[in-house]
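Notes follow once the structure below has been shown.
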Amino acid sequence: MAMRIGVIGGGRVGRCLAGYLRENLVGITAHSPEHSRQLAAEFGTAPCTNGELVEQAEVLLLTVPDRLIGTVAAVIASEAQKAAADEATAEAKPLAGKVFLHCSGSLGLAELAPLQQAGAHVGSLHPLQSFAGGATQLAGVYMAVDGDEAACQAAIALANALGGHPFRVPAAERAAYHAAACICSNYAVSVEALAQRLMSRWLGDEAAAWQALLPLFKGTAANLEATTSPRTALTGPIARGDATTVARHLAVLPAELVDVYCSLGLATTELALANGTIDKDAAAGLQRLLQR
């Protein structure tokens with residue numbers, strides 16, 4: 001891969017991508033000059049401003065928080081147009097030939113409109129992975145791409161260089177795509193935290209409760225990894241059509257957990273029915289029990 005890459009945004013995602021793309025990295029910037037200098041020293045590049053980085057790089061990755069992408073794009077476009085005017089070049093498209101890719105999962109391309117108006121190619125590259133901290137594995141990760149033809153080509157090339165699997169998610173469907181990612185990752189964390197809170201009753205504190213639950217979670221994760229359809233890994237009382245046990249759960253659960261339990265139980269009933277481990281009559285009985 002011969003492209004010269006710049007990263008604008010020194011958070012977890014930016015630093016991770018910069019690390020993987022080090023051989024092609026011409027610079028990385030952050031919210032302050034001091035932080036930008038620290039990142040330059042870390043990655044062996046020359047300290048630079050966003051404007052200088054745009055001049056040097058062919059492909060710019062915007063890894064700033066979602067709420068700032070539009071603002072950063074507008075500032076870069078404005079500065080490029082001002083520089084062209086100051087140099088009396090009368091350049092109508094000062095960013096012609098540049099490619100800008102944001103790394104948001106939920107946003108379309110509207111936030112990059114100022115860059116497009118200044119002549120740049122715009123698109124997105126979003127690794128379907130959690131960047132919670134530490135080393136983040138990107139090999140084998142699916143990566144959503146979008147944009148005009150040149151931007152998509154650049155995003156696909158980057159995804160391949162990162163060892164990922166690029167696939168197209170158009171702007172109109174980004175929110176739904178991101179919702180799927182949140183259900184898979186964020187809501188799984190929420191469910192485990194609720195289980196931890198309940199289990200801590202008998203183990204004294206939440207740390208011990210999580211240690212007790214962790215082997216169960218890992219076993220479930222292993223079962224999920226071994227299948228191509230998550231619903232087939234379903235076990236437990238609903239999978240068996242055991243309405244009596246479910247009723248006992250509901251009778252003793254803390255009030256603040258009942259609604260969550262019932263919502264998850266209804267979804268689980270649909271999975272059990274799809275798996276064929278319960279029939280329609282058993283499913284109807286569970287649904288009556290769980291509907292609130």
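For the structure tokens, the naming scheme is as follows: chains receive sequential letters (A, B, ...) according to their order of presentation, residues are indexed from 1 within each chain, and ligands are indexed from 1 in presentation order.
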When DSSP is applied to the backbone of this structure, which of stretch 59-266 of chain A are assigned strand (DSSP E or B)? Write them out as a ChimeraX atom specification.
/A:59-62,99-102,121-127,142-147,165-168
Would you mind exporting N, CA, C and O atoms of the selected residues as a compact mmCIF listing (two decimals), in the first residue's frame?
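Result file follows (result.txt):
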# COMPACT_ATOMS: atom_id res chain seq x y z
N VAL A 59 -4.49 10.41 2.19
CA VAL A 59 -5.70 9.92 2.83
C VAL A 59 -5.68 10.36 4.28
O VAL A 59 -4.71 10.11 5.00
N LEU A 60 -6.75 11.04 4.72
CA LEU A 60 -6.87 11.53 6.09
C LEU A 60 -7.97 10.78 6.80
O LEU A 60 -9.11 10.72 6.31
N LEU A 61 -7.65 10.18 7.95
CA LEU A 61 -8.64 9.50 8.78
C LEU A 61 -9.08 10.44 9.90
O LEU A 61 -8.23 10.90 10.68
N LEU A 62 -10.36 10.74 9.96
CA LEU A 62 -10.90 11.58 11.02
C LEU A 62 -11.39 10.69 12.14
O LEU A 62 -12.46 10.07 12.04
N VAL A 99 -8.39 12.43 0.08
CA VAL A 99 -9.46 11.55 0.53
C VAL A 99 -9.60 11.68 2.04
O VAL A 99 -8.62 11.55 2.77
N PHE A 100 -10.81 11.96 2.49
CA PHE A 100 -11.10 12.05 3.93
C PHE A 100 -12.08 10.95 4.30
O PHE A 100 -13.15 10.82 3.68
N LEU A 101 -11.73 10.16 5.30
CA LEU A 101 -12.59 9.09 5.79
C LEU A 101 -12.84 9.29 7.28
O LEU A 101 -11.89 9.32 8.06
N HIS A 102 -14.11 9.44 7.67
CA HIS A 102 -14.37 9.44 9.11
C HIS A 102 -14.52 8.00 9.58
O HIS A 102 -14.75 7.08 8.78
N HIS A 121 -12.45 13.90 -1.90
CA HIS A 121 -13.27 12.70 -1.91
C HIS A 121 -13.57 12.36 -0.45
O HIS A 121 -12.70 12.44 0.41
N VAL A 122 -14.82 11.97 -0.17
CA VAL A 122 -15.20 11.72 1.22
C VAL A 122 -15.86 10.36 1.36
O VAL A 122 -16.54 9.88 0.45
N GLY A 123 -15.63 9.75 2.52
CA GLY A 123 -16.21 8.46 2.80
C GLY A 123 -16.02 8.08 4.26
O GLY A 123 -15.73 8.95 5.10
N SER A 124 -16.16 6.82 4.56
CA SER A 124 -16.04 6.37 5.95
C SER A 124 -15.43 4.98 6.00
O SER A 124 -15.56 4.19 5.06
N LEU A 125 -14.79 4.70 7.11
CA LEU A 125 -14.20 3.39 7.39
C LEU A 125 -14.42 3.12 8.87
O LEU A 125 -13.86 3.81 9.72
N HIS A 126 -15.25 2.12 9.18
CA HIS A 126 -15.57 1.84 10.58
C HIS A 126 -15.30 0.38 10.90
O HIS A 126 -16.04 -0.51 10.47
N PRO A 127 -14.22 0.09 11.66
CA PRO A 127 -13.99 -1.29 12.10
C PRO A 127 -15.06 -1.72 13.10
O PRO A 127 -15.35 -1.01 14.06
N TYR A 142 -14.59 -7.25 10.48
CA TYR A 142 -15.35 -6.66 9.38
C TYR A 142 -15.35 -5.14 9.53
O TYR A 142 -15.41 -4.62 10.65
N MET A 143 -15.27 -4.44 8.40
CA MET A 143 -15.16 -3.00 8.43
C MET A 143 -16.13 -2.38 7.43
O MET A 143 -16.05 -2.66 6.22
N ALA A 144 -17.03 -1.54 7.94
CA ALA A 144 -18.04 -0.90 7.10
C ALA A 144 -17.43 0.28 6.35
O ALA A 144 -16.78 1.14 6.96
N VAL A 145 -17.64 0.32 5.04
CA VAL A 145 -17.11 1.41 4.22
C VAL A 145 -18.25 2.08 3.46
O VAL A 145 -19.30 1.48 3.22
N ASP A 146 -18.01 3.33 3.09
CA ASP A 146 -18.97 4.07 2.28
C ASP A 146 -18.24 5.27 1.68
O ASP A 146 -17.12 5.59 2.09
N GLY A 147 -18.87 5.91 0.71
CA GLY A 147 -18.30 7.11 0.13
C GLY A 147 -18.38 7.11 -1.38
O GLY A 147 -18.96 6.21 -2.00
N HIS A 165 -12.15 -7.22 6.75
CA HIS A 165 -13.06 -7.61 5.67
C HIS A 165 -13.98 -6.42 5.37
O HIS A 165 -14.94 -6.18 6.11
N PRO A 166 -13.72 -5.64 4.32
CA PRO A 166 -14.57 -4.49 4.03
C PRO A 166 -15.93 -4.90 3.46
O PRO A 166 -16.03 -5.87 2.71
N PHE A 167 -16.96 -4.17 3.87
CA PHE A 167 -18.29 -4.37 3.30
C PHE A 167 -19.01 -3.03 3.28
O PHE A 167 -18.75 -2.16 4.12
N ARG A 168 -19.89 -2.86 2.34
CA ARG A 168 -20.52 -1.56 2.10
C ARG A 168 -21.77 -1.38 2.96
O ARG A 168 -22.66 -2.24 2.98
Near-A:Thr45 list (7 Å; only C-alpha atoms; drop same-chain fewer than 3 positions) as an NGL selection string:
:A and (26-27 or 40-41)
List the spatial neighbours of A:Leu95 as a list in words - criterion: any atom at most 10 Å away, only C-alpha atoms, same-chain residues fewer than 3 positions off excluded.
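In the requested format, the answer is Val54, Glu55, Ile76, Ala77, Ala80, Gln81, Ala84, Glu91, Ala92, Lys98, Val99, Phe100, Leu115, Gln116, Gln117, Ala118, Gly119, Ala120 and His121 of chain A.
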Restrict the selected residues to N, CA and C atoms and save them as a PDB file, in the first residue's frame.
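Result file is again09.pdb:
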ATOM      1  N   VAL A  54      -2.781  17.813   6.258  1.00  0.00           N
ATOM      2  CA  VAL A  54      -3.599  17.710   5.048  1.00  0.00           C
ATOM      3  C   VAL A  54      -2.735  17.905   3.809  1.00  0.00           C
ATOM      4  N   GLU A  55      -1.768  18.809   3.871  1.00  0.00           N
ATOM      5  CA  GLU A  55      -0.880  19.033   2.732  1.00  0.00           C
ATOM      6  C   GLU A  55      -0.032  17.807   2.420  1.00  0.00           C
ATOM      7  N   ILE A  76     -11.177  22.489   8.493  1.00  0.00           N
ATOM      8  CA  ILE A  76     -10.149  22.093   7.521  1.00  0.00           C
ATOM      9  C   ILE A  76     -10.478  22.667   6.144  1.00  0.00           C
ATOM     10  N   ALA A  77     -11.728  22.555   5.733  1.00  0.00           N
ATOM     11  CA  ALA A  77     -12.134  23.076   4.431  1.00  0.00           C
ATOM     12  C   ALA A  77     -11.955  24.582   4.370  1.00  0.00           C
ATOM     13  N   ALA A  80      -8.249  25.512   4.161  1.00  0.00           N
ATOM     14  CA  ALA A  80      -7.699  25.202   2.842  1.00  0.00           C
ATOM     15  C   ALA A  80      -8.101  26.257   1.813  1.00  0.00           C
ATOM     16  N   GLN A  81      -9.356  26.697   1.877  1.00  0.00           N
ATOM     17  CA  GLN A  81      -9.823  27.721   0.948  1.00  0.00           C
ATOM     18  C   GLN A  81      -9.166  29.063   1.222  1.00  0.00           C
ATOM     19  N   ALA A  84      -5.578  28.978  -0.087  1.00  0.00           N
ATOM     20  CA  ALA A  84      -5.556  29.119  -1.536  1.00  0.00           C
ATOM     21  C   ALA A  84      -5.760  30.571  -1.943  1.00  0.00           C
ATOM     22  N   GLU A  91      -7.649  28.858  -6.442  1.00  0.00           N
ATOM     23  CA  GLU A  91      -7.993  27.438  -6.498  1.00  0.00           C
ATOM     24  C   GLU A  91      -9.415  27.235  -5.997  1.00  0.00           C
ATOM     25  N   ALA A  92     -10.312  26.810  -6.884  1.00  0.00           N
ATOM     26  CA  ALA A  92     -11.706  26.623  -6.502  1.00  0.00           C
ATOM     27  C   ALA A  92     -11.885  25.362  -5.663  1.00  0.00           C
ATOM     28  N   LYS A  98      -7.528  14.837  -2.462  1.00  0.00           N
ATOM     29  CA  LYS A  98      -7.425  14.322  -1.095  1.00  0.00           C
ATOM     30  C   LYS A  98      -8.614  13.409  -0.797  1.00  0.00           C
ATOM     31  N   VAL A  99      -8.389  12.433   0.082  1.00  0.00           N
ATOM     32  CA  VAL A  99      -9.461  11.549   0.532  1.00  0.00           C
ATOM     33  C   VAL A  99      -9.600  11.682   2.039  1.00  0.00           C
ATOM     34  N   PHE A 100     -10.808  11.964   2.495  1.00  0.00           N
ATOM     35  CA  PHE A 100     -11.100  12.053   3.930  1.00  0.00           C
ATOM     36  C   PHE A 100     -12.085  10.946   4.297  1.00  0.00           C
ATOM     37  N   LEU A 115     -15.791  19.423   3.133  1.00  0.00           N
ATOM     38  CA  LEU A 115     -14.588  18.892   2.491  1.00  0.00           C
ATOM     39  C   LEU A 115     -14.880  18.522   1.041  1.00  0.00           C
ATOM     40  N   GLN A 116     -16.039  17.937   0.816  1.00  0.00           N
ATOM     41  CA  GLN A 116     -16.440  17.575  -0.543  1.00  0.00           C
ATOM     42  C   GLN A 116     -16.581  18.823  -1.413  1.00  0.00           C
ATOM     43  N   GLN A 117     -17.154  19.865  -0.838  1.00  0.00           N
ATOM     44  CA  GLN A 117     -17.313  21.120  -1.578  1.00  0.00           C
ATOM     45  C   GLN A 117     -15.973  21.755  -1.922  1.00  0.00           C
ATOM     46  N   ALA A 118     -14.955  21.457  -1.110  1.00  0.00           N
ATOM     47  CA  ALA A 118     -13.610  21.969  -1.369  1.00  0.00           C
ATOM     48  C   ALA A 118     -12.818  21.044  -2.288  1.00  0.00           C
ATOM     49  N   GLY A 119     -13.478  20.022  -2.833  1.00  0.00           N
ATOM     50  CA  GLY A 119     -12.855  19.176  -3.838  1.00  0.00           C
ATOM     51  C   GLY A 119     -12.397  17.818  -3.376  1.00  0.00           C
ATOM     52  N   ALA A 120     -12.513  17.525  -2.083  1.00  0.00           N
ATOM     53  CA  ALA A 120     -12.021  16.250  -1.569  1.00  0.00           C
ATOM     54  C   ALA A 120     -12.985  15.110  -1.873  1.00  0.00           C
ATOM     55  N   HIS A 121     -12.453  13.904  -1.904  1.00  0.00           N
ATOM     56  CA  HIS A 121     -13.270  12.703  -1.909  1.00  0.00           C
ATOM     57  C   HIS A 121     -13.575  12.357  -0.452  1.00  0.00           C
TER      58      HIS A 121
END
Between A:Ala139, A:Ile28, A:Ala157, A:Cys16, which residue has the minimum interatomic distance to A:Ala2, considering only C-alpha atoms?
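Nearest to A:Ala2: A:Ala157.
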Counting only C-alpha atoms, which of A:Ile183, A:Leu286, A:Ser106, A:Gly51 gets nearest to A:Lys82?
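Comparing A:Ile183, A:Leu286, A:Ser106, A:Gly51 against A:Lys82, the winner is A:Gly51.
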Every residue of stretch 31-264 of chain A that DSSP places in helix (DSSP H, G or I), as number ranges by chain:
A: 33-43, 50-56, 66-86, 110-117, 149-161, 171-184, 186-203, 206-225, 230-233, 237-240, 243-252, 255-264
Could you pull the residues within 9 Å of A:Tyr20, counting only C-alpha atoms, minus those fewer than 6 positions along the same chain, as a PDB file with N, CA, C and O atoms, in the first residue's frame?
ATOM      1  N   LEU A 138      -7.460  -6.184  15.031  1.00  0.00           N
ATOM      2  CA  LEU A 138      -8.200  -5.784  13.846  1.00  0.00           C
ATOM      3  C   LEU A 138      -8.154  -6.836  12.742  1.00  0.00           C
ATOM      4  O   LEU A 138      -8.984  -6.800  11.832  1.00  0.00           O
ATOM      5  N   ALA A 161      -5.430  -3.702   4.205  1.00  0.00           N
ATOM      6  CA  ALA A 161      -4.112  -3.550   4.819  1.00  0.00           C
ATOM      7  C   ALA A 161      -4.154  -3.838   6.311  1.00  0.00           C
ATOM      8  O   ALA A 161      -3.176  -4.324   6.886  1.00  0.00           O
ATOM      9  N   LEU A 162      -5.293  -3.563   6.938  1.00  0.00           N
ATOM     10  CA  LEU A 162      -5.463  -3.828   8.368  1.00  0.00           C
ATOM     11  C   LEU A 162      -5.810  -5.291   8.641  1.00  0.00           C
ATOM     12  O   LEU A 162      -5.943  -5.691   9.805  1.00  0.00           O
TER      13      LEU A 162
END
I'd like to know which of A:Ala154, A:Val189, A:Leu107, A:Leu194 is closest to A:Pro170, using only C-alpha atoms.
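That would be A:Leu107, the residue with the smallest distance to A:Pro170.
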Near stretch 198-205 of chain A, counting only C-alpha atoms, which residues have an atom at most 9 Å away, once you skip same-chain residues fewer than 5 positions from it, shown as a PyMOL selection string?
chain A and resi 193+210+212-213+253-254
Restricting the output to N, CA, C and O atoms, write the selected residues as a PDB file, in the first residue's frame.
ATOM      1  N   ALA A 193     -23.508  -6.693  33.533  1.00  0.00           N
ATOM      2  CA  ALA A 193     -23.460  -5.852  34.731  1.00  0.00           C
ATOM      3  C   ALA A 193     -24.691  -6.062  35.611  1.00  0.00           C
ATOM      4  O   ALA A 193     -24.593  -6.056  36.850  1.00  0.00           O
ATOM      5  N   TRP A 210     -18.493 -11.089  39.702  1.00  0.00           N
ATOM      6  CA  TRP A 210     -18.085 -11.209  38.303  1.00  0.00           C
ATOM      7  C   TRP A 210     -17.144 -12.393  38.092  1.00  0.00           C
ATOM      8  O   TRP A 210     -17.221 -13.093  37.086  1.00  0.00           O
ATOM      9  N   ALA A 212     -17.350 -15.124  39.669  1.00  0.00           N
ATOM     10  CA  ALA A 212     -18.225 -16.291  39.672  1.00  0.00           C
ATOM     11  C   ALA A 212     -18.937 -16.457  38.331  1.00  0.00           C
ATOM     12  O   ALA A 212     -19.135 -17.582  37.840  1.00  0.00           O
ATOM     13  N   LEU A 213     -19.340 -15.351  37.734  1.00  0.00           N
ATOM     14  CA  LEU A 213     -20.090 -15.397  36.478  1.00  0.00           C
ATOM     15  C   LEU A 213     -19.204 -15.552  35.251  1.00  0.00           C
ATOM     16  O   LEU A 213     -19.668 -16.023  34.203  1.00  0.00           O
ATOM     17  N   LEU A 253     -37.353 -11.561  41.627  1.00  0.00           N
ATOM     18  CA  LEU A 253     -36.433 -10.553  41.092  1.00  0.00           C
ATOM     19  C   LEU A 253     -36.688  -9.183  41.720  1.00  0.00           C
ATOM     20  O   LEU A 253     -37.842  -8.814  41.991  1.00  0.00           O
ATOM     21  N   PRO A 254     -35.623  -8.383  41.921  1.00  0.00           N
ATOM     22  CA  PRO A 254     -35.821  -6.989  42.335  1.00  0.00           C
ATOM     23  C   PRO A 254     -36.670  -6.254  41.303  1.00  0.00           C
ATOM     24  O   PRO A 254     -36.562  -6.526  40.096  1.00  0.00           O
TER      25      PRO A 254
END
